[in-house]
Structures are given as structure tokens and as C-alpha cells.
Number of protein chains: 2
Amino acid sequence: MYRTHTCGALNMSHVGQPVQLAGWIQRIRELGGMTFIDLRDRYGITQLVINEDTPADVKTIAETLGREFVLSVHGTVVERSNKNPKLPTGDIEIALSAIQILNASEIPPFTLEEPSDGGEELRARYRYLDLRRGPLQRAMALRHSMTQETRNYLSQCGFLEIETPFLIKSTPEGARDFVVPSRMSPGQFYALPQSPQTFKQLLMVGGFDKYFQIVRCFRDEDLRADRQPEFTQIDCEMSFVDQEAVLLQFEGLACHLFKTVLQKDIPTPFPRMTYKTAMETYGSDKPDIRFDMPLHEITHLAGGTEFALLSTAEYVGGICVKGAATYTRKQLDQLTDWIKQPTVGAQLLVYARCSTGEDGALMYKSSVDKFFNQEALHAWGRVMGAEDGDLLLVTSGPREATQHVLGTLRLEMGDRLGLRKEGVFAPLWVYDFPLLEWDEETERFYAKHHPFTAPKPEDVDALFSNDRNRLAQVHANAYDFVINGTEVGGGSIRIHNARVQEQMFHVLGLSKEEIDSKFSFIIEAFRYGAPPHGGIAFGLDRWCALFSGHESIRDCIAFPKNNSGRDIMLDAPSGIDPAQKKELGL
Amino acid sequence: MYRTHTCGALNMSHVGQPVQLAGWIQRIRELGGMTFIDLRDRYGITQLVINEDTPADVKTIAETLGREFVLSVHGTVVERSNKNPKLPTGDIEIALSAIQILNASEIPPFTLEEPSDGGEELRARYRYLDLRRGPLQRAMALRHSMTQETRNYLSQCGFLEIETPFLIKSTPEGARDFVVPSRMSPGQFYALPQSPQTFKQLLMVGGFDKYFQIVRCFRDEDLRADRQPEFTQIDCEMSFVDQEAVLLQFEGLACHLFKTVLQKDIPTPFPRMTYKTAMETYGSDKPDIRFDMPLHEITHLAGGTEFALLSTAEYVGGICVKGAATYTRKQLDQLTDWIKQPTVGAQLLVYARCSTGEDGALMYKSSVDKFFNQEALHAWGRVMGAEDGDLLLVTSGPREATQHVLGTLRLEMGDRLGLRKEGVFAPLWVYDFPLLEWDEETERFYAKHHPFTAPKPEDVDALFSNDRNRLAQVHANAYDFVINGTEVGGGSIRIHNARVQEQMFHVLGLSKEEIDSKFSFIIEAFRYGAPPHGGIAFGLDRWCALFSGHESIRDCIAFPKNNSGRDIMLDAPSGIDPAQKKELGL
């Protein structure tokens with residue numbers, strides 16, 4: 001036996017008891033002839049003490065110890081003279097009677113404290129050491145609690161977790177598949193699933209009306225910041241449901257997680273917003289509604305001057321930043337530089353400070369005083385709800401791009417003013433997405449969500465019209481779940497009719513042959529009594545990061561890849577044996 | 001909305017209520033001017049009735065219906081005149097007021113009844129239809145319950161479920177890896193994990209002292225009967241434990257599953273048996289102890305005659321089959337043929353029937369009366385515990401091979417005599433496995449369990465001896481969990497010392513370079529304070545098959561591969577786009 005208690009268990013109620021603990025040495029301190037050792041495990045830290053009463057052999061061993069050595073120790077719980085109220089075990093210490101070194105340790109390449117002095121690359125290489133640190137220990141525990149509570153909730157609601165295969169068929173539509181060469185069928189390949197989408201739909205056809213799975217998915221993408229080639233989804237599907245039933249069911253799941261994982265009560269129903277409103281009001285399809293500051297269109301109030309960037313723009317709009325009239329010229333210049341940088345992409349930033357004049361009436365000082373008189377600026381201010389002390393920020397350009405710029409500016413101002421408060425959670429449903437997106441470059445439609453998403457019943461005729469303008473107007477029964485400006489989940493009601501599914505593939509430019517070779521199994525399945533169904537998938541890594549307050553999903557994954565898709569610790573991917581290559585016919 | 005109740009919910013307490021149900025048509029019967037429709041969903045079957053009072057439009061729609069059509073119906077719950085006590089809903093039926101056809105169905109290619117008339121291949125091709133059948137519906141529900149209860153139990157014991165990566169490094173030791181070509185690092189490959197073995201050990205090094213994961217694993221093997229290229233493990237690891245602690249912990253898990261999934265109380269502690277005893281007594285390292293019938297060695301009683309197959313054999317042994325003296329000559333000839341077939345592999349079968357002679361004493365009639373007199377046969381019978389009416393079956397050959405033959409014969413006789421009772425569960429721990437197995441062909445040692453298994457502390461010196469005879473005697477702290485003759489799980493205490501791990505690889509014939517390139521990460525990890533640790537992994541597919549009474553694990557997997565590793569429904573593996581091949585540098 002190695003221990004009777006963990007390093008987080010002992011307190012005043014144990015004083016006088018003989019105990020055995022096991023763990024890692026966090027720190028050794030010498031103080032006035034005494035030695036204090038902080039012994040650490042997953043559950044806490046307990047102070048071991050070596051003093052004049054300690055047996056000589058224990059003292060001898062103690063002199064050989066170092067950081068991160070693994071010990072099993074015997075001793076007696078005693079009350080500390082110098083208590084540490086910050087530690088749950090801070091009232092006691094262990095007077096040692098025996099030490100066994102279970103394993104020695106070389107000096108770790110970085111400090112294993114709450115914030116580490118190790119760089120990202122170094123910590124990735126020694127991930128098993130980084131994982132000993134508090135932030136990662138807590139992140140893994142939170143992730144466990146997220147998945148366990150998800151399973152508890154959904155099981156209680158009658159969902160079955162059903163595993164779907166990882167070695168499947170390559171159907172590159174959307175991202176690129178990772179493929180797996182088959183040794184038994186040379187020249188042929190399995191693919192790793194980008195999601196279990198078609199399988200969960202087949203399970204609905206198979207009569208399992210409530211399915212979920214917490215499941216790994218794979219996408220061979222050029223990695224953008226904070227994407228992983230493998231990631232985990234909470235994948236869900238239901239039969240005999242409409243959109244309303246799906247939203248209510250998973251609002252329930254979200255509330256359960258808020259409550260059980262974060263001990264937070266979130267009021268229901270969650271706010272809902274159409275895609276159109278979200279774009280017009282927040283310049284984003286995943287608005288952060290922890291703070292207000294909506295977008296306002298003033299195109300109709302910005303014409304008629306020689307200031308062409310405003311008067312000829314398709315769209316002019318702005319935000320009213322409460323209490324920010326104090327922004328200095330220098331701050332505004334900096335903001336102008338910020339908005340013009342390529343990653344944001346605006347051409348100008350117009351501002352107007354709103355204040356109370358000597359006559360007690362509102363007045364504006366703007367960067368476009370030359371073109372717009374007080375009357376004109378008052379008209380802006382009225383639309384934007386300006387009050388004394390507010391700052392109006394305005395820009396212009398093509399409608400959607402400019403809304404997006406203003407949405408980004410809104411988040412930036414929210415950050416600068418501290419309106420995006422940590423620990424505050426504002427969930428939101430965004431719905432009524434367009435079904436299709438036209439791509440100018442390839443001159444074809446892409447599925448906004450995925451090709452299995454159903455058009456709204458009233459738009460089915462338009463889907464069959466083969467008229468580009470009408471197709472662009474088709475709405476989907478699709479919805480996203482957003483928390484604090486992050487898309488945490490997305491789903492839709494699916495197509496369950498073989499004819500509609502074939503037409504959808506046709507609209508997406510697939511030939512009859514392509515449809516047959518890639519998707520015949522699901523179209524055929526729809527011919528044998530497919531029920532109406534729909535579902536949703538949540539990004540677990542992202543949701544965990546959000547709940548644990550980590551910026552990067554890498555901090556919520558035990559063994560993540562770096563931004564080049566490599567595992568630094570394993571040195572993977574790597575070369576393989578020529579014999580194996582040959583066996584695979586490569 | 002599609003339904004107010006499921007098809008398993010309604011009974012006499014609902015009579016008179018208006019309800020809405022949705023589901024599939026199981027059967028339509030016409031009877032004396034009335035039409036009865038069995039509507040089915042995951043929860044049960046409810047009878048719908050159409051009679052003279054049914055609205056005309058409903059009658060019209062009803063005439064167009066067929067098997068497996070998907071309906072949503074409105075109606076009123078009424079008491080049946082002709083009740084069906086076999087159905088939970090058998091007291092009531094629904095008098096229809098409205099029918100909506102949600103989807104039509106072509107005629108299914110096989111019947112979707114409890115036993116189906118479809119062949120294996122046909123059912124695999126239409127797996128989504130096969131999944132609608134009761135046996136598969138129940139198997140999926142049982143599997144969900146197994147995983148959910150496993151997670152509940154282990155979570156309550158303080159285990160964290162931690163996900164490990166699927167895109168890892170190829171380290172072919174044991175079975176063959178599936179590999180995944182990397183597009184970003186052309187010429188390099190990820191491998192899919194054969195198990196998360198090294199990751200769970202790194203998690204122990206990372207301070208997570210109780211880990212589990214229900215996780216997919218991959219092995220590119222030439223498929224034997226009932227193996228799958230991807231399968232699911234309940235993977236577990238603990239720090240600061242010895243073998244005893246591991247066995248007790250997972251005996252607890254097994255009892256929890258027996259209790260919650262099968263409502264069975266299994267007495268503890270489970271029986272334990274050394275590998276040596278298991279081989280000697282049952283001719284198997286995974287004995288079915290639902291019945292007795294042990295092996296007995298009689299080598300010392302079988303010599304001294306001219307019957308060379310017995311007198312010169314390394315090992316002669318047999319079993320005493322209770323009450324089988326009634327076996328006819330024909331049955332015994334058949335058994336002789338059976339034991340000589342190549343898959344069993346014996347050279348002979350000697351029998352001796354034990355009966356009571358006219359003098360009231362035991363006497364034997366044997367197939368070797370020419371060589372062995374009554375006195376000799378009595379000596380056999382005493383060793384084997386023969387009584388009146390028993391049948392002794394004896395064979396000979398090399399020790400281990402012959403024990404194995406007798407083990408197989410024992411199971412065969414158990415089957416023939418109905419001693420392997422369905423619904424009876426006899427769990428067993430087998431322990432004290434040898435660490436290494438010598439392979440004559442390649443002239444090297446292989447790890448009996450895997451290369452991370454620790455030798456018993458008293459055998460560490462022998463591991464360093466580099467003496468083949470001493471190495472063959474090294475025992476491991478390894479254990480298997482067996483139920484009814486099936487290996488359900490296996491594990492070990494692991495090596496946590498870098499020097500021992502290096503020596504183990506050395507004994508397995510790996511060069512310094514191979515160790516460095518494949519396993520440096522774990523050996524390095526052991527240098528930074530690796531705790532003593534050990535664990536176990538259970539085969540979930542197999543355990544589910546055992547609990548649900550299915551012969552094949554395929555019946556407990558939603559979308560299994562066939563015996564050639566193909567997914568018949570998807571037609572995978574398959575060719576991929578030449579452009580994608582080129583991108584991957586293949």
C-alpha cells in the first residue's frame with residue numbers, strides 16, 4: 001500500500017492519527033534547522049515536516065530529495081504552529097516517521113507552478129509535466145464533469161449513446177477527409193469521419209429516436225489559429241421533432257451544464273434572433289450579447305455631401321459607444337489605424353462626440369464637421385440613441401462587409417470598455433439561416449450548414465426552381481447556439497425525403513454519378529420509411545474552454561496538436577517502415 | 001408536433017383520451033370490415049383501428065398504406081374487445097380520427113421481425129433496417145446502459161474520463177497499425193492507436209491518479225472470426241496501487257454492471273486462479289468455471305505398455321465426464337473424429353466407461369483394454385475421481401498442446417451436456433502470467449501482455465540476467481478478467497522505472513536506435529517522477545455480447561464491418577479522388 005489518504009484530505013479532525021501519503025514534491029524549504037516538504041497530488045498539497053524529533057534515517061533520505069520526486073511517507077498528523085488559511089490542509093502538517101522514494105526525478109525543464117515559466121513549445125514537448133499544473137488539472141476535471149453531466153442529462157431524457165464507426169467512406173464535401181489506406185483492399189481507402197452526420201441520420205431511419213454521442217471528429221484543414229485536426233463533438237439527433245422541440249431540448253442540456261458544472265442559474269427561454277437580425281444588429285451571426293451597443297444603419301442620412309466615402313456607399317452605419325466621448329484624439333487616431341488594418345478592413349472611421357452645450361442642448365463634435373452640420377449629426381444621433389457623453393463611430397462600404405466591420409469594432413469597444421465580463425454567460429439561439437451560399441469564384445452554391453439540412457417547408461418549391469435568385473432566398477430550418485460571441489453548437493432539421501435530398505445535391509452541382517457513388521446509401525435509406533428528424537452538434541473543446549475561462553482549446557485537451565498539426569511530444573506524424581508502406585501498396 | 005405519446009406508453013388509464021402517435025407500420029390486418037394497424041416505435045407497438053365509425057378520408061388514406069410507412073396519427077384511446085396480454089399496450093387500441101403519412105416506404109428486402117428471414121449480407125447492406133428489429137434495438141439499449149453505468153460507477157469512485165488522441169505515432173509492436181498519411185508533412189504518417197496504453201501511462205506521470213476512457217481502438221489484423229478492425233475498450237489506469245487494489249476496484253465495477261444492467265447479484269470476492277493452475281486444471285488461460293470437469297494428469301500411470309502414443313508421451317491426461325458412461329460407440333467414434341480434426345489437433349482419444357460390476361465394485365470398459373488391465377484403469381479412475389456412470393476421456397502429446405486439447409474437449413463436453421448454462425455468469429481472475437513468450441521461429445522473446453507490463457519485483461534481477469532460461473521464468477504482475485470462458489479484460493502493473501523499461505525493450509530485441517525513435521517519449525517521462533501505476537482494459541463489444549446473449553460482437557455494434565473489414569452498406573473502403581492522392585504525395 002502506498003497511501004491511506006490523499007494530499008487534500010487531512011485537517012484538524014485527523015490530528016494525532018498515523019497516516020500514509022503519496023505524491024510529488026512541490027517544494028522543499030529549510031527553516032531554522034527544520035525542513036518543510038510540500039507533497040502534492042491531484043487532490044491538494046500537504047506539508048511534511050522534518051525536525052529534531054524525526055528519525056535519523058528519514059533525515060538522511062530527506063537530504064537526497066528534489067523537486068518532483070515521488071514519495072510514499074508515513075507520519076503523524078500534527079497541528080501547525082503557523083497555519084496557512086489558503087490551503088484546505090493548511091491547519092496541519094505531517095511529522096514524518098518514514099520516507100520511501102518511489103521514483104526520483106530530474107529537474108523539470110520548467111516550473112510546475114500555477115503560471116509556468118515554460119514556453120509553449122517546451123511545455124508541449126513535456127506535456128505530461130505541464131499536465132501536473134493546476135490550470136490543466138482543473139481543465140481536465142471540468143471536461144470530465146461536462147461530459148459526465150451531458151451523459152447524465154441526455155440519458156435521463158431517454159437518449160441512447162450509440163457509437164458510430166471511425167473507418168468510413170470518403171465523401172469530400174465540405175472539409176478535406178483524412179484517409180486510411182486499406183491493406184486488405186490495396187488501392188482503396190477508408191476515411192475518418194468529419195462528423196457522424198450520415199450515421200446519426202441512419203440511426204433515425206433505424207428507429208432510435210433519441211441519439212447522442214460524444215465523439216471524435218477529423219478535418220484535414222489548413223489549420224487556422226486554435227483549430228485542431230481532431231476535435232470532439234457532442235453529437236445529437238432526434239426523430240419526430242420540429243425546430244422548437246430541438247431548441248427546448250438542448251436549452252435544457254445547456255441549463256443543466258451551467259447549473260451542475262458552474263453552479264449558475266441561467267434564465268430561460270434563452271434569447272432567440274434570426275440570422276438577418278443578428279447580421280443587421282450585431283454585424284455577426286454569433287453576437288456577444290453580454291453588452292448592448294447595436295449597429296444602426298444611417299445610409300439615408302449620410303448622402304448629399306461631397307464626402308464620397310459616405311455619400312456613395314451602399315451602406316453607412318455606426319455604433320453609439322456609451323460614455324466614450326472622453327476618448328482623446330490620440331485614442332481615436334489609434335482606433336482609426338486599428339479599423340483600417342487588413343484583418344478588419346474598413347476604409348475610414350468617422351466619429352462624433354455627443355455632449356451638452358452651454359444652452360443645455362445636445363451638441364456634436366465630429367471628424368466630418370466640414371460635411372455635416374449639427375442638424376445632420378443630430379439626425380444620426382437620434383437614430384443611434386446618443387446621449388450626453390456618448391461617442392458615435394461610423395463607417396461605410398458594401399453592406400455585409402461593413403456590417404461585419406462594425407461587428408468587429410463593437411467587440412473591440414466592448415473589450416476596451418470592459419463590457420465583456422468574465423464569468424458572465426449570455427447564451428443565444430440564432431436561427432433562420434440561408435440554406436445556400438453562392439460562391440462567385442467557383443460559380444456554384446455551397447451548403448451554408450451541410451447538404452443534409454432541410455429547407456423551410458414553404459421554400460421547398462424554390463429549391464426545385466433551379467433559379468439562382470430564388471435559390472439564394474431559400475431559408476433553412478437551421479440554428480446555432482452561441483455563448484458570449486462564440487458558436488458553441490449548430491444544427492438543423494434534416495431532409496428526410498429522397499427526392500428533396502437528390503435535388504439538394506443537384507443544386508450543389510453534384511452529377512448523378514457523384515450522387516450515386518457517394519451518397520446512394522443515404523438516399524436509398526430515405527426510401528424505406530425515414531422519419532422526420534433533426535439535431536445539433538456542440539463543440540466540446542470550445543465549450544470547455546469557455547466554461548473554464550481558457551483562451552485556447554489546447555488547454556482543454558490532454559494531448560493537443562500544435563498549430564501545424566504536429567504532436568511535439570510524440571514527434572508525430574513521422575516516417576513509417578518501408579515494409580509497411582509496401583504492404584499498403586503506397 | 002408529431003406525437004403526444006410513444007407507442008409503448010398507453011394503457012387502460014388513458015382510455016377516452018385524445019392522443020397523437022408517430023411510428024412505423026409493423027403490420028396491417030383486415031378483419032371483418034375492420035382494419036388493424038400495428039404502429040411501432042422504439043418503445044413498443046400500439047394497435048390502431050379503422051372501423052365503420054372512422055372518417056371517410058382516413059379510410060381512403062389507410063388504403064394506400066404499406067409496411068414500414070411512417071405515420072403520425074390522431075385518435076382516441078379505447079379499450080380492446082380482444083386483449084393481447086403479451087403487449088404492454090395490449091389492453092387498448094386507438095380509434096383513428098386522422099392519419100398523416102410522414103414518409104412512404106418501399107417494401108423492405110427482408111422481414112423486420114424478431115428473427116429475420118434476411119441473410120447476413122443482405123441485412124448488412126440495409127443495416128438501418130436491420131437496426132429496427134427488436135434484438136438489435138435491445139442490444140443498443142443494453143450497450144448504452146453498460147457505458148452509462150460504467151461511467152457512473154467510475155466517476156463516483158473519483159476517476160476522470162480523459163480523451164487521448166487518435167492521430168498518433170506509429171509504433172508497430174504487437175499488431176499492425178492503421179496509418180494516416182499527412183498532407184502537411186508529405187511522406188509522413190500518423191497512426192491510429194491500437195490502445196491508449198502509453199497515453200494513459202503519461203496521464204499517470206501527469207498526476208491524474210484515476211483515469212478511464214471508453215475509447216475506440218484500431219488493429220489492422222488479418223481478421224479472424226468475429227474480430228473487428230475497430231473496437232471499443234473500457235480503458236482504465238490508477239496510480240499508487242498494487243495488483244490487489246486494481247482487482248478489488250474493478251471487481252467493484254463488474255458487480256455494479258451485473259447488478260444495474262442484468263439485475264444480478266454476483267458473490268464476491270470473485271474466484272482467482274494462477275495462470276499455471278488454469279492451464280493445468282482447465283487447459284485454458286480463460287476457463288469457463290460454470291461447470292467443473294477438471295483436467296487430470298495421468299502420465300505416471302500411462303507408461304510401461306507397448307501403446308507408444310501413451311507410454312512415450314510427454315503428457316497424458318484426461319477428464320472425467322460425469323454420467324456420460326451412456327455414450328454409445330457411435331457417439332464416441334464421432335468424438336474421436338472431432339478431437340482429431342486439425343482445429344483441435346489431437347492424435348487419439350482413449351475412453352473408459354466406469355460402471356458397477358455384478359460384484360458391486362466399480363469396473364471399467366475401455367478402448368485400451370489390450371494394454372491396461374482393471375487395476376491400471378482403477379488407478380486412472382482414482383486420480384480422476386470416477387464414479388459409477390462416468391466416462392473417462394484421455395489423450396496425450398506434448399504437455400501444453402495436450403492440455404489445450406483437453407481444455408477444448410472439456411468445453412465441447414460441457415456444451416454437449418448443457419453445462420454451460422445461459423444466464424449463469426461465472427467471473428474469474430486469472431493472474432501470475434509469464435512476462436515473456438519465446439518464439440522459436442523468430443528466435444526472440446515477445447511480451448505476453450505488452451512491453452509496459454512490470455515483472456514481479458522478485459523477478460527484476462532475472463529480467464536483467466539476459467539468460468534465456470531465467471527470462472522465460474519471469475512472472476508478470478498481470479491479470480485477466482474472464483467470464484464464462486471469455487476473456488473480457490486484461491491488465492497489469494506497469495513498469496515505471498526508465499532503466500527497467502529500457503531493459504524490457506532490450507530483452508524484446510529492440511536496438512538502442514529503435515528504442516530511441518519509437519519510445520523515447522515514455523522513457524523520458526519515467527525520468528521525471530513517474531508514480532507506480534497499473535490498470536486494466538475491458539473489451540466492451542465482447543462484454544456487451546456476453547451480457548446480451550449474442551454470439552457475435554457484430555450484433556452489439558451499430559455499424560460493424562464484415563469479416564473482410566468492409567462496410568457493406570457504405571461500400572468502404574473505396575477508391576479516392578486522384579487529386580486527393582496527389583495532395584497526400586501517394
# chains A, B, ... in the order shown; residues from 1 in each chain; ligands from 1
$ residues_around --residues "range 468-473 of chain B" --least-positions-apart "2" --cutoff "10 Å" --atoms "only C-alpha atoms" --output "list in words"
Pro434, Leu435, Leu436, Glu437, Trp438, Arg444, Phe445, Asp459, Val460, Asp461, Ala462, Leu463, Phe464, Ser465, Asn466, His475, Ala476 and Val507 of chain B
$ interface_residues --of "chain B" --to "chain A" --cutoff "6 Å" --atoms "only C-alpha atoms" --output "MDAnalysis selection string"
chainID B and resid 2 68:70 103:106 128:129 131:132 144 160:161 169 179:180 188:190 202 206:207 240 527:529 572:575
$ select_by_dssp --residues "range 51-82 of chain B" --states "strand (DSSP E)" --output "number ranges by chain"
B: 70-79
$ write_last_selection --atoms "all heavy atoms" --output "short mmCIF file (atom, residue, chain, number, x, y, z; two decimals), in the first residue's frame"
data_model
loop_
_atom_site.label_atom_id
_atom_site.label_comp_id
_atom_site.auth_asym_id
_atom_site.auth_seq_id
_atom_site.Cartn_x
_atom_site.Cartn_y
_atom_site.Cartn_z
N VAL B 70 -44.14 5.59 -42.51
CA VAL B 70 -44.03 6.37 -41.27
C VAL B 70 -45.27 7.25 -41.15
O VAL B 70 -45.59 8.01 -42.07
CB VAL B 70 -42.78 7.26 -41.28
CG1 VAL B 70 -42.58 7.88 -39.91
CG2 VAL B 70 -41.55 6.47 -41.69
N LEU B 71 -45.98 7.12 -40.04
CA LEU B 71 -47.23 7.84 -39.85
C LEU B 71 -47.19 8.73 -38.62
O LEU B 71 -46.47 8.46 -37.66
CB LEU B 71 -48.40 6.85 -39.62
CG LEU B 71 -48.63 5.75 -40.63
CD1 LEU B 71 -49.87 4.94 -40.21
CD2 LEU B 71 -48.80 6.34 -42.03
N SER B 72 -48.00 9.78 -38.67
CA SER B 72 -48.40 10.47 -37.45
C SER B 72 -49.92 10.41 -37.44
O SER B 72 -50.56 10.80 -38.42
CB SER B 72 -47.90 11.92 -37.46
OG SER B 72 -48.37 12.59 -36.32
N VAL B 73 -50.50 9.86 -36.37
CA VAL B 73 -51.95 9.66 -36.34
C VAL B 73 -52.57 10.32 -35.11
O VAL B 73 -51.94 10.44 -34.06
CB VAL B 73 -52.32 8.15 -36.33
CG1 VAL B 73 -51.75 7.45 -37.54
CG2 VAL B 73 -51.83 7.48 -35.04
N HIS B 74 -53.79 10.79 -35.28
CA HIS B 74 -54.61 11.25 -34.16
C HIS B 74 -55.71 10.23 -33.91
O HIS B 74 -56.20 9.60 -34.86
CB HIS B 74 -55.28 12.59 -34.49
CG HIS B 74 -54.36 13.76 -34.41
ND1 HIS B 74 -53.59 14.16 -35.47
CD2 HIS B 74 -54.07 14.61 -33.39
CE1 HIS B 74 -52.87 15.22 -35.12
NE2 HIS B 74 -53.13 15.51 -33.86
N GLY B 75 -56.13 10.12 -32.67
CA GLY B 75 -57.23 9.22 -32.37
C GLY B 75 -57.54 9.23 -30.89
O GLY B 75 -56.96 10.01 -30.12
N THR B 76 -58.44 8.35 -30.51
CA THR B 76 -58.87 8.26 -29.12
C THR B 76 -58.53 6.87 -28.60
O THR B 76 -58.71 5.88 -29.31
CB THR B 76 -60.39 8.48 -29.02
OG1 THR B 76 -60.70 9.71 -29.67
CG2 THR B 76 -60.84 8.54 -27.57
N VAL B 77 -58.04 6.82 -27.36
CA VAL B 77 -57.71 5.53 -26.75
C VAL B 77 -59.01 4.82 -26.37
O VAL B 77 -59.83 5.41 -25.67
CB VAL B 77 -56.83 5.73 -25.50
CG1 VAL B 77 -56.43 4.37 -24.91
CG2 VAL B 77 -55.60 6.55 -25.83
N VAL B 78 -59.19 3.60 -26.87
CA VAL B 78 -60.38 2.82 -26.48
C VAL B 78 -59.94 1.44 -25.97
O VAL B 78 -58.87 0.96 -26.31
CB VAL B 78 -61.36 2.64 -27.67
CG1 VAL B 78 -61.92 3.97 -28.13
CG2 VAL B 78 -60.69 1.91 -28.82
N GLU B 79 -60.77 0.86 -25.14
CA GLU B 79 -60.50 -0.48 -24.62
C GLU B 79 -60.71 -1.50 -25.74
O GLU B 79 -61.65 -1.40 -26.52
CB GLU B 79 -61.43 -0.78 -23.44
CG GLU B 79 -61.11 -2.11 -22.79
CD GLU B 79 -61.91 -2.32 -21.49
OE1 GLU B 79 -62.67 -1.41 -21.11
OE2 GLU B 79 -61.74 -3.39 -20.89
#
$ residues_around --residues "Met273 in chain A" --least-positions-apart "3" --cutoff "12 Å" --atoms "only C-alpha atoms" --output "count of residues only"
24
$ select_by_dssp --residues "range 305-431 of chain A" --states "helix (DSSP H, G or I)" --output "VMD selection string"
chain A and resid 308 to 311 329 to 340 374 to 384 399 to 416
$ atom_distance --atom1 "CA of Ile92 in chain B" --atom2 "CA of Val15 in chain B"
7.5 Å
$ atom_distance --atom1 "CA of Leu510 in chain B" --atom2 "CA of Ala124 in chain A"
27.1 Å
